[in-house]
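Undergrad: Here it is, the structure in full.
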Amino acid sequence: MTDSYAVIGNPVAHSKSPQIHAEFARQTAQDIVYTAIFCEIDAFQATVARFREAGGKGVNVTLPFKHEAWNIVNHLDRRAIDANAVNTIEFKDGQMAGYNTDGIGLVRDIKDNLQCFIKGRRILLMGAGGAAYGVLNPLLEEQPEHVVIVNRTLEKAQQLTAHFEKNGGVATGSISARPYGSLGGERFDIVINATSAGLVGAMPALPNDMFAPGALAYDMVYGTTTPFMQFAQAHGAKVADGLGMLVEQAAESFYIWRKVRPQTALVITLLRGAAG
Ligand code: ATR
């Protein structure tokens, strides 16, 4: 019998997840169907319950429900605990297990697809919202030299570092919270934009000389060239959008549900072709 999965979000019509999972299923000969479900803001728990009662095997959760998902599951994996958010739920043995695959998706895209190593590098993470929470610990697990977190509201960057230091696993001194104004004169090997500024055509004020030679500038947004990506390109950095991360986080969800690893590079190429 065909197993069913879905992504639940608001909005969700633009989601590429059904196409990605259909491609994974085709590649790996898995008998699944994957749909997108629009959910009213106050109906997340009921929507999940309905899908589950109808025989669904699992869901992906996207904005704005990732924290609510974190609250309603019975079990949280380590990455979901760190991230304060769940993007993947598996329904199994009458329980709901919550995972977060966003951070590992980013790390795999940077390392495997973009061929950029993280160990020993200096990283700048811009933003201290949900997107930054989701990726910080998987980045730290790669043992960068240091991660500087900058945010317009400094207090939120400080809360983010405190959260990770409290949860354990973070070597003291490996992360610091700073305001944008403090960045002058430093160079970074990898700069990650986890702010939502690009979605409204904005970017934080950044110094021109912040990219080390060969630096990677990564914007988690996909489907558009953000002002940050334009800025980074103009200042000599290699630029990437978040499409690879999207596909990699989906692949990890697929693996959690199906215990099979799809070929992500093929799907990234396919989506880029469709976009271009
Ligand atoms: P998400 O869950 O996508 O991370 P969020 O929790 O609303 O969304 O966080 C958005 C992040 O983008 C925040 O770090 C926000 O900075 P503030 O905490 O200071 O609000 C950042 N952000 C949004 N617009 C920005 C802009 N124009 N310049 C700089 N940072 C911006």
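Following the order of the structure tokens, first chain is A, next is B, and so on, with residues numbered from 1 inside each chain and ligands from 1 in the order they appear.
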To check your reading of the model: which residues sit at most 12 Å from ligand 1 when counting only C-alpha atoms and all ligand atoms? Write the answer as a PDB file with N, CA and C atoms, in the first residue's frame.
TA:
```
ATOM      1  N   THR A  62       6.752  23.314   7.869  1.00  0.00           N
ATOM      2  CA  THR A  62       7.462  24.531   7.488  1.00  0.00           C
ATOM      3  C   THR A  62       6.817  25.725   8.183  1.00  0.00           C
ATOM      4  N   LEU A  63       7.279  26.927   7.823  1.00  0.00           N
ATOM      5  CA  LEU A  63       6.853  28.136   8.526  1.00  0.00           C
ATOM      6  C   LEU A  63       5.341  28.266   8.468  1.00  0.00           C
ATOM      7  N   PRO A  64       4.725  28.738   9.536  1.00  0.00           N
ATOM      8  CA  PRO A  64       5.323  29.176  10.798  1.00  0.00           C
ATOM      9  C   PRO A  64       5.173  28.149  11.924  1.00  0.00           C
ATOM     10  N   PHE A  65       5.155  26.851  11.598  1.00  0.00           N
ATOM     11  CA  PHE A  65       4.738  25.852  12.593  1.00  0.00           C
ATOM     12  C   PHE A  65       5.869  25.037  13.224  1.00  0.00           C
ATOM     13  N   LYS A  66       7.117  25.371  12.917  1.00  0.00           N
ATOM     14  CA  LYS A  66       8.197  24.488  13.372  1.00  0.00           C
ATOM     15  C   LYS A  66       8.329  24.437  14.895  1.00  0.00           C
ATOM     16  N   HIS A  67       8.051  25.558  15.556  1.00  0.00           N
ATOM     17  CA  HIS A  67       8.151  25.523  17.019  1.00  0.00           C
ATOM     18  C   HIS A  67       6.940  24.812  17.624  1.00  0.00           C
ATOM     19  N   ALA A  83      17.618  22.964  18.185  1.00  0.00           N
ATOM     20  CA  ALA A  83      17.050  23.957  17.275  1.00  0.00           C
ATOM     21  C   ALA A  83      15.787  24.615  17.820  1.00  0.00           C
ATOM     22  N   ASN A  84      15.202  24.047  18.875  1.00  0.00           N
ATOM     23  CA  ASN A  84      13.930  24.572  19.383  1.00  0.00           C
ATOM     24  C   ASN A  84      12.830  24.445  18.335  1.00  0.00           C
ATOM     25  N   ALA A  85      13.021  23.560  17.393  1.00  0.00           N
ATOM     26  CA  ALA A  85      12.095  23.486  16.265  1.00  0.00           C
ATOM     27  C   ALA A  85      12.149  22.094  15.641  1.00  0.00           C
ATOM     28  N   ASP A 102      17.219  20.634   9.163  1.00  0.00           N
ATOM     29  CA  ASP A 102      17.670  21.851   8.472  1.00  0.00           C
ATOM     30  C   ASP A 102      19.187  22.044   8.571  1.00  0.00           C
ATOM     31  N   LEU A 125      27.604  34.061  11.093  1.00  0.00           N
ATOM     32  CA  LEU A 125      26.194  33.678  10.944  1.00  0.00           C
ATOM     33  C   LEU A 125      25.351  34.923  11.191  1.00  0.00           C
ATOM     34  N   MET A 126      24.628  35.355  10.169  1.00  0.00           N
ATOM     35  CA  MET A 126      23.802  36.558  10.275  1.00  0.00           C
ATOM     36  C   MET A 126      22.377  36.179  10.614  1.00  0.00           C
ATOM     37  N   GLY A 127      21.856  36.746  11.711  1.00  0.00           N
ATOM     38  CA  GLY A 127      20.480  36.470  12.118  1.00  0.00           C
ATOM     39  C   GLY A 127      20.439  35.617  13.372  1.00  0.00           C
ATOM     40  N   ALA A 128      19.388  35.783  14.148  1.00  0.00           N
ATOM     41  CA  ALA A 128      19.249  35.021  15.390  1.00  0.00           C
ATOM     42  C   ALA A 128      17.807  34.548  15.565  1.00  0.00           C
ATOM     43  N   GLY A 129      17.112  34.337  14.448  1.00  0.00           N
ATOM     44  CA  GLY A 129      15.747  33.813  14.495  1.00  0.00           C
ATOM     45  C   GLY A 129      15.751  32.302  14.337  1.00  0.00           C
ATOM     46  N   GLY A 130      14.602  31.759  13.966  1.00  0.00           N
ATOM     47  CA  GLY A 130      14.461  30.311  13.856  1.00  0.00           C
ATOM     48  C   GLY A 130      15.464  29.675  12.907  1.00  0.00           C
ATOM     49  N   ALA A 131      15.759  30.345  11.816  1.00  0.00           N
ATOM     50  CA  ALA A 131      16.684  29.771  10.835  1.00  0.00           C
ATOM     51  C   ALA A 131      18.075  29.602  11.436  1.00  0.00           C
ATOM     52  N   ALA A 132      18.508  30.570  12.230  1.00  0.00           N
ATOM     53  CA  ALA A 132      19.836  30.493  12.855  1.00  0.00           C
ATOM     54  C   ALA A 132      19.870  29.396  13.930  1.00  0.00           C
ATOM     55  N   TYR A 133      18.805  29.302  14.727  1.00  0.00           N
ATOM     56  CA  TYR A 133      18.738  28.234  15.751  1.00  0.00           C
ATOM     57  C   TYR A 133      18.890  26.863  15.102  1.00  0.00           C
ATOM     58  N   GLY A 134      18.237  26.697  13.950  1.00  0.00           N
ATOM     59  CA  GLY A 134      18.206  25.391  13.303  1.00  0.00           C
ATOM     60  C   GLY A 134      19.566  24.902  12.841  1.00  0.00           C
ATOM     61  N   VAL A 135      20.465  25.834  12.531  1.00  0.00           N
ATOM     62  CA  VAL A 135      21.720  25.405  11.896  1.00  0.00           C
ATOM     63  C   VAL A 135      22.950  25.514  12.787  1.00  0.00           C
ATOM     64  N   LEU A 136      22.832  26.179  13.920  1.00  0.00           N
ATOM     65  CA  LEU A 136      24.063  26.476  14.670  1.00  0.00           C
ATOM     66  C   LEU A 136      24.804  25.227  15.151  1.00  0.00           C
ATOM     67  N   ILE A 149      28.042  35.350  15.677  1.00  0.00           N
ATOM     68  CA  ILE A 149      26.627  35.521  15.350  1.00  0.00           C
ATOM     69  C   ILE A 149      26.314  37.010  15.441  1.00  0.00           C
ATOM     70  N   VAL A 150      25.880  37.575  14.330  1.00  0.00           N
ATOM     71  CA  VAL A 150      25.513  38.992  14.355  1.00  0.00           C
ATOM     72  C   VAL A 150      24.022  39.122  14.162  1.00  0.00           C
ATOM     73  N   ASN A 151      23.455  40.056  14.878  1.00  0.00           N
ATOM     74  CA  ASN A 151      22.023  40.310  14.705  1.00  0.00           C
ATOM     75  C   ASN A 151      21.708  41.765  14.966  1.00  0.00           C
ATOM     76  N   ARG A 152      20.696  42.238  14.219  1.00  0.00           N
ATOM     77  CA  ARG A 152      20.245  43.626  14.379  1.00  0.00           C
ATOM     78  C   ARG A 152      19.868  43.875  15.835  1.00  0.00           C
ATOM     79  N   THR A 153      19.145  42.935  16.416  1.00  0.00           N
ATOM     80  CA  THR A 153      18.805  43.024  17.835  1.00  0.00           C
ATOM     81  C   THR A 153      19.826  42.160  18.584  1.00  0.00           C
ATOM     82  N   LEU A 154      20.804  42.817  19.169  1.00  0.00           N
ATOM     83  CA  LEU A 154      21.932  42.080  19.772  1.00  0.00           C
ATOM     84  C   LEU A 154      21.462  41.088  20.829  1.00  0.00           C
ATOM     85  N   GLU A 155      20.456  41.509  21.593  1.00  0.00           N
ATOM     86  CA  GLU A 155      19.967  40.667  22.682  1.00  0.00           C
ATOM     87  C   GLU A 155      19.554  39.269  22.182  1.00  0.00           C
ATOM     88  N   LYS A 156      18.967  39.221  20.997  1.00  0.00           N
ATOM     89  CA  LYS A 156      18.540  37.920  20.470  1.00  0.00           C
ATOM     90  C   LYS A 156      19.741  37.041  20.100  1.00  0.00           C
ATOM     91  N   ALA A 157      20.802  37.669  19.626  1.00  0.00           N
ATOM     92  CA  ALA A 157      22.026  36.893  19.340  1.00  0.00           C
ATOM     93  C   ALA A 157      22.617  36.366  20.649  1.00  0.00           C
ATOM     94  N   GLN A 158      22.539  37.183  21.697  1.00  0.00           N
ATOM     95  CA  GLN A 158      23.050  36.739  23.000  1.00  0.00           C
ATOM     96  C   GLN A 158      22.211  35.596  23.559  1.00  0.00           C
ATOM     97  N   GLN A 159      20.900  35.692  23.354  1.00  0.00           N
ATOM     98  CA  GLN A 159      20.020  34.588  23.814  1.00  0.00           C
ATOM     99  C   GLN A 159      20.348  33.300  23.061  1.00  0.00           C
ATOM    100  N   LEU A 160      20.647  33.457  21.782  1.00  0.00           N
ATOM    101  CA  LEU A 160      20.984  32.277  20.966  1.00  0.00           C
ATOM    102  C   LEU A 160      22.265  31.614  21.477  1.00  0.00           C
ATOM    103  N   ALA A 177      28.362  36.505  20.275  1.00  0.00           N
ATOM    104  CA  ALA A 177      27.252  37.316  19.777  1.00  0.00           C
ATOM    105  C   ALA A 177      27.723  38.752  19.637  1.00  0.00           C
ATOM    106  N   ARG A 178      27.458  39.322  18.469  1.00  0.00           N
ATOM    107  CA  ARG A 178      27.981  40.671  18.230  1.00  0.00           C
ATOM    108  C   ARG A 178      26.979  41.512  17.438  1.00  0.00           C
ATOM    109  N   PRO A 179      27.107  42.847  17.512  1.00  0.00           N
ATOM    110  CA  PRO A 179      26.299  43.707  16.636  1.00  0.00           C
ATOM    111  C   PRO A 179      26.988  43.889  15.283  1.00  0.00           C
ATOM    112  N   TYR A 180      26.233  44.249  14.252  1.00  0.00           N
ATOM    113  CA  TYR A 180      26.819  44.428  12.925  1.00  0.00           C
ATOM    114  C   TYR A 180      27.929  45.477  12.945  1.00  0.00           C
ATOM    115  N   GLY A 181      27.740  46.508  13.753  1.00  0.00           N
ATOM    116  CA  GLY A 181      28.701  47.614  13.788  1.00  0.00           C
ATOM    117  C   GLY A 181      30.090  47.209  14.245  1.00  0.00           C
ATOM    118  N   ILE A 192      27.070  33.197   6.388  1.00  0.00           N
ATOM    119  CA  ILE A 192      25.756  32.582   6.155  1.00  0.00           C
ATOM    120  C   ILE A 192      24.662  33.578   6.510  1.00  0.00           C
ATOM    121  N   ASN A 193      23.784  33.834   5.557  1.00  0.00           N
ATOM    122  CA  ASN A 193      22.682  34.748   5.831  1.00  0.00           C
ATOM    123  C   ASN A 193      21.459  33.959   6.279  1.00  0.00           C
ATOM    124  N   ALA A 194      21.190  34.016   7.578  1.00  0.00           N
ATOM    125  CA  ALA A 194      19.998  33.357   8.132  1.00  0.00           C
ATOM    126  C   ALA A 194      18.963  34.402   8.536  1.00  0.00           C
ATOM    127  N   THR A 195      19.070  35.606   7.967  1.00  0.00           N
ATOM    128  CA  THR A 195      18.036  36.610   8.230  1.00  0.00           C
ATOM    129  C   THR A 195      16.950  36.493   7.166  1.00  0.00           C
ATOM    130  N   SER A 196      15.830  37.134   7.435  1.00  0.00           N
ATOM    131  CA  SER A 196      14.753  37.157   6.443  1.00  0.00           C
ATOM    132  C   SER A 196      14.813  38.437   5.612  1.00  0.00           C
ATOM    133  N   ALA A 197      15.900  39.214   5.773  1.00  0.00           N
ATOM    134  CA  ALA A 197      16.003  40.520   5.106  1.00  0.00           C
ATOM    135  C   ALA A 197      15.863  40.394   3.582  1.00  0.00           C
ATOM    136  N   GLY A 198      16.489  39.354   3.005  1.00  0.00           N
ATOM    137  CA  GLY A 198      16.487  39.193   1.549  1.00  0.00           C
ATOM    138  C   GLY A 198      15.096  39.028   0.967  1.00  0.00           C
ATOM    139  N   LEU A 199      14.167  38.525   1.764  1.00  0.00           N
ATOM    140  CA  LEU A 199      12.807  38.294   1.276  1.00  0.00           C
ATOM    141  C   LEU A 199      12.089  39.604   0.985  1.00  0.00           C
ATOM    142  N   VAL A 200      12.569  40.690   1.606  1.00  0.00           N
ATOM    143  CA  VAL A 200      11.959  42.001   1.332  1.00  0.00           C
ATOM    144  C   VAL A 200      12.976  42.916   0.636  1.00  0.00           C
ATOM    145  N   GLY A 201      13.952  42.288  -0.007  1.00  0.00           N
ATOM    146  CA  GLY A 201      14.911  43.052  -0.799  1.00  0.00           C
ATOM    147  C   GLY A 201      15.876  43.896   0.023  1.00  0.00           C
ATOM    148  N   ALA A 202      16.088  43.515   1.287  1.00  0.00           N
ATOM    149  CA  ALA A 202      16.988  44.294   2.149  1.00  0.00           C
ATOM    150  C   ALA A 202      18.196  43.446   2.540  1.00  0.00           C
ATOM    151  N   MET A 203      19.187  44.096   3.133  1.00  0.00           N
ATOM    152  CA  MET A 203      20.296  43.354   3.746  1.00  0.00           C
ATOM    153  C   MET A 203      20.892  44.191   4.863  1.00  0.00           C
ATOM    154  N   PRO A 204      21.471  43.538   5.854  1.00  0.00           N
ATOM    155  CA  PRO A 204      22.118  44.284   6.930  1.00  0.00           C
ATOM    156  C   PRO A 204      23.344  45.015   6.378  1.00  0.00           C
ATOM    157  N   ALA A 205      23.745  46.087   7.046  1.00  0.00           N
ATOM    158  CA  ALA A 205      24.945  46.822   6.622  1.00  0.00           C
ATOM    159  C   ALA A 205      26.180  45.995   6.966  1.00  0.00           C
ATOM    160  N   LEU A 206      27.015  45.721   5.956  1.00  0.00           N
ATOM    161  CA  LEU A 206      28.200  44.885   6.155  1.00  0.00           C
ATOM    162  C   LEU A 206      29.436  45.605   5.631  1.00  0.00           C
ATOM    163  N   ASP A 219      23.329  32.196   1.213  1.00  0.00           N
ATOM    164  CA  ASP A 219      22.038  32.748   1.637  1.00  0.00           C
ATOM    165  C   ASP A 219      21.041  31.603   1.722  1.00  0.00           C
ATOM    166  N   MET A 220      20.397  31.462   2.880  1.00  0.00           N
ATOM    167  CA  MET A 220      19.464  30.335   3.040  1.00  0.00           C
ATOM    168  C   MET A 220      18.201  30.492   2.199  1.00  0.00           C
ATOM    169  N   VAL A 221      17.980  31.695   1.700  1.00  0.00           N
ATOM    170  CA  VAL A 221      16.831  31.929   0.832  1.00  0.00           C
ATOM    171  C   VAL A 221      17.112  31.314  -0.539  1.00  0.00           C
ATOM    172  N   THR A 226      19.365  37.641  -3.662  1.00  0.00           N
ATOM    173  CA  THR A 226      19.139  38.648  -2.628  1.00  0.00           C
ATOM    174  C   THR A 226      20.194  39.749  -2.699  1.00  0.00           C
ATOM    175  N   PRO A 227      19.934  40.899  -2.086  1.00  0.00           N
ATOM    176  CA  PRO A 227      20.950  41.950  -2.016  1.00  0.00           C
ATOM    177  C   PRO A 227      22.257  41.431  -1.381  1.00  0.00           C
ATOM    178  N   PHE A 228      22.158  40.545  -0.403  1.00  0.00           N
ATOM    179  CA  PHE A 228      23.372  39.979   0.200  1.00  0.00           C
ATOM    180  C   PHE A 228      24.174  39.192  -0.838  1.00  0.00           C
TER     181      PHE A 228
END
```
Undergrad: Go through stretch 1-103 of chain A residue by residue and, counting only C-alpha atoms, keep those with an atom at most 9 Å from stretch 261-270 of chain A; for each kept residue give the shortest atom pair and its distance in Å to one decimal, ordered by chain and increasing number, as CSV.
TA:
```
residue,atom,partner,partner_atom,distance
A:Ile20,CA,A:Val267,CA,6.8
A:Glu23,CA,A:Val267,CA,7.0
A:Phe24,CA,A:Pro262,CA,5.5
A:Ala25,CA,A:Pro262,CA,8.1
A:Gln27,CA,A:Pro262,CA,6.9
A:Thr28,CA,A:Pro262,CA,6.4
```
Undergrad: Between A:Ser174, A:Gln230, A:Gln143, A:Asn167, which residue has the minimum interatomic distance to A:Ala80, considering only C-alpha atoms?
TA: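 Nearest candidate to A:Ala80 out of A:Ser174, A:Gln230, A:Gln143, A:Asn167: A:Asn167.
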Undergrad: Let me make sure I understand: among A:Ser182, A:Ser4, A:Asn10, A:Gln115, which one has the smallest atom-to-atom distance to A:Phe91 if we use only C-alpha atoms?
TA: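 So, comparing all the options, the nearest one is A:Ser4.
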Undergrad: Could you pull out the alpha helix (DSSP H) residues of stretch 17-178 of chain A from DSSP and send them as a ChimeraX atom specification?
TA: /A:17-28,44-53,66-72,78-83,102-108,130-141,154-167
Undergrad: Write out, as a Markdown table, each residue of stretch 107-189 of chain A that has an atom at most 12 Å from stretch 233-253 of chain A, together with the closest pair of atoms and their distance in Å to one decimal, counting only C-alpha atoms, rows going by chain and rising number.
TA:
```
| residue | atom | partner | partner_atom | distance |
| --- | --- | --- | --- | --- |
| A:Val107 | CA | A:Met245 | CA | 7.9 |
| A:Arg108 | CA | A:Glu248 | CA | 6.7 |
| A:Asp109 | CA | A:Met245 | CA | 5.5 |
| A:Ile110 | CA | A:Met245 | CA | 8.3 |
| A:Lys111 | CA | A:Met245 | CA | 10.9 |
| A:Asp112 | CA | A:Gly244 | CA | 10.0 |
| A:Asn113 | CA | A:Gly244 | CA | 7.5 |
| A:Leu114 | CA | A:Ala240 | CA | 8.2 |
| A:Gln115 | CA | A:Lys238 | CA | 11.5 |
| A:Cys116 | CA | A:Lys238 | CA | 10.2 |
| A:Ala131 | CA | A:Gly242 | CA | 11.6 |
| A:Gly134 | CA | A:Gln249 | CA | 11.2 |
| A:Val135 | CA | A:Met245 | CA | 10.6 |
| A:Arg187 | CA | A:Ala237 | CA | 11.4 |
| A:Phe188 | CA | A:Ala237 | CA | 10.3 |
| A:Asp189 | CA | A:Ala237 | CA | 9.1 |
```
Undergrad: Go ahead and dump the residues you just picked, C-alpha atoms, as a compact mmCIF listing (two decimals), in the first residue's frame.
TA:
```txt
# COMPACT_ATOMS: atom_id res chain seq x y z
CA VAL A 107 26.20 21.42 6.36
CA ARG A 108 25.85 18.78 3.61
CA ASP A 109 25.23 21.43 0.98
CA ILE A 110 28.29 23.42 2.04
CA LYS A 111 30.57 20.40 2.37
CA ASP A 112 29.39 17.94 -0.26
CA ASN A 113 27.78 20.04 -2.97
CA LEU A 114 29.80 23.25 -2.71
CA GLN A 115 32.98 21.42 -1.71
CA CYS A 116 33.78 23.93 1.01
CA ALA A 131 16.68 29.77 10.83
CA GLY A 134 18.21 25.39 13.30
CA VAL A 135 21.72 25.40 11.90
CA ARG A 187 37.56 38.49 7.50
CA PHE A 188 35.42 35.40 7.35
CA ASP A 189 35.75 32.21 5.31
```
Undergrad: Atom CA of A:Val191 and atom CA of A:Phe164, how far apart in Å?
TA: 19.6 Å
Undergrad: What parts of stretch 131-238 of chain A does DSSP call strand (DSSP E or B)? I'd like the answer as number ranges by chain.
TA: A: 146-150, 175-178, 188-193, 211-219, 238
Undergrad: So the first atom is atom CA of A:Ile118 and the second is atom CA of A:Gly103; what is the distance between them in Å, to one decimal place?
TA: 13.3 Å
Undergrad: Find the residues around A:Tyr34 up to 6 Å (only C-alpha atoms counted), leave out those fewer than 3 positions away in its own chain, and share them as a ChimeraX atom specification.
TA: /A:4-6,18
Undergrad: Separation of atom CA of A:Ala46 and atom CA of A:Leu76, in Å?
TA: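 So the two atoms, atom CA of A:Ala46 and atom CA of A:Leu76, lie 19.7 Å apart.
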Undergrad: Can you pull out every residue within 7 Å of A:Ile175, counting only C-alpha atoms, but drop anything in the same chain fewer than 5 positions away, and send it as a count of residues only?
TA: 4
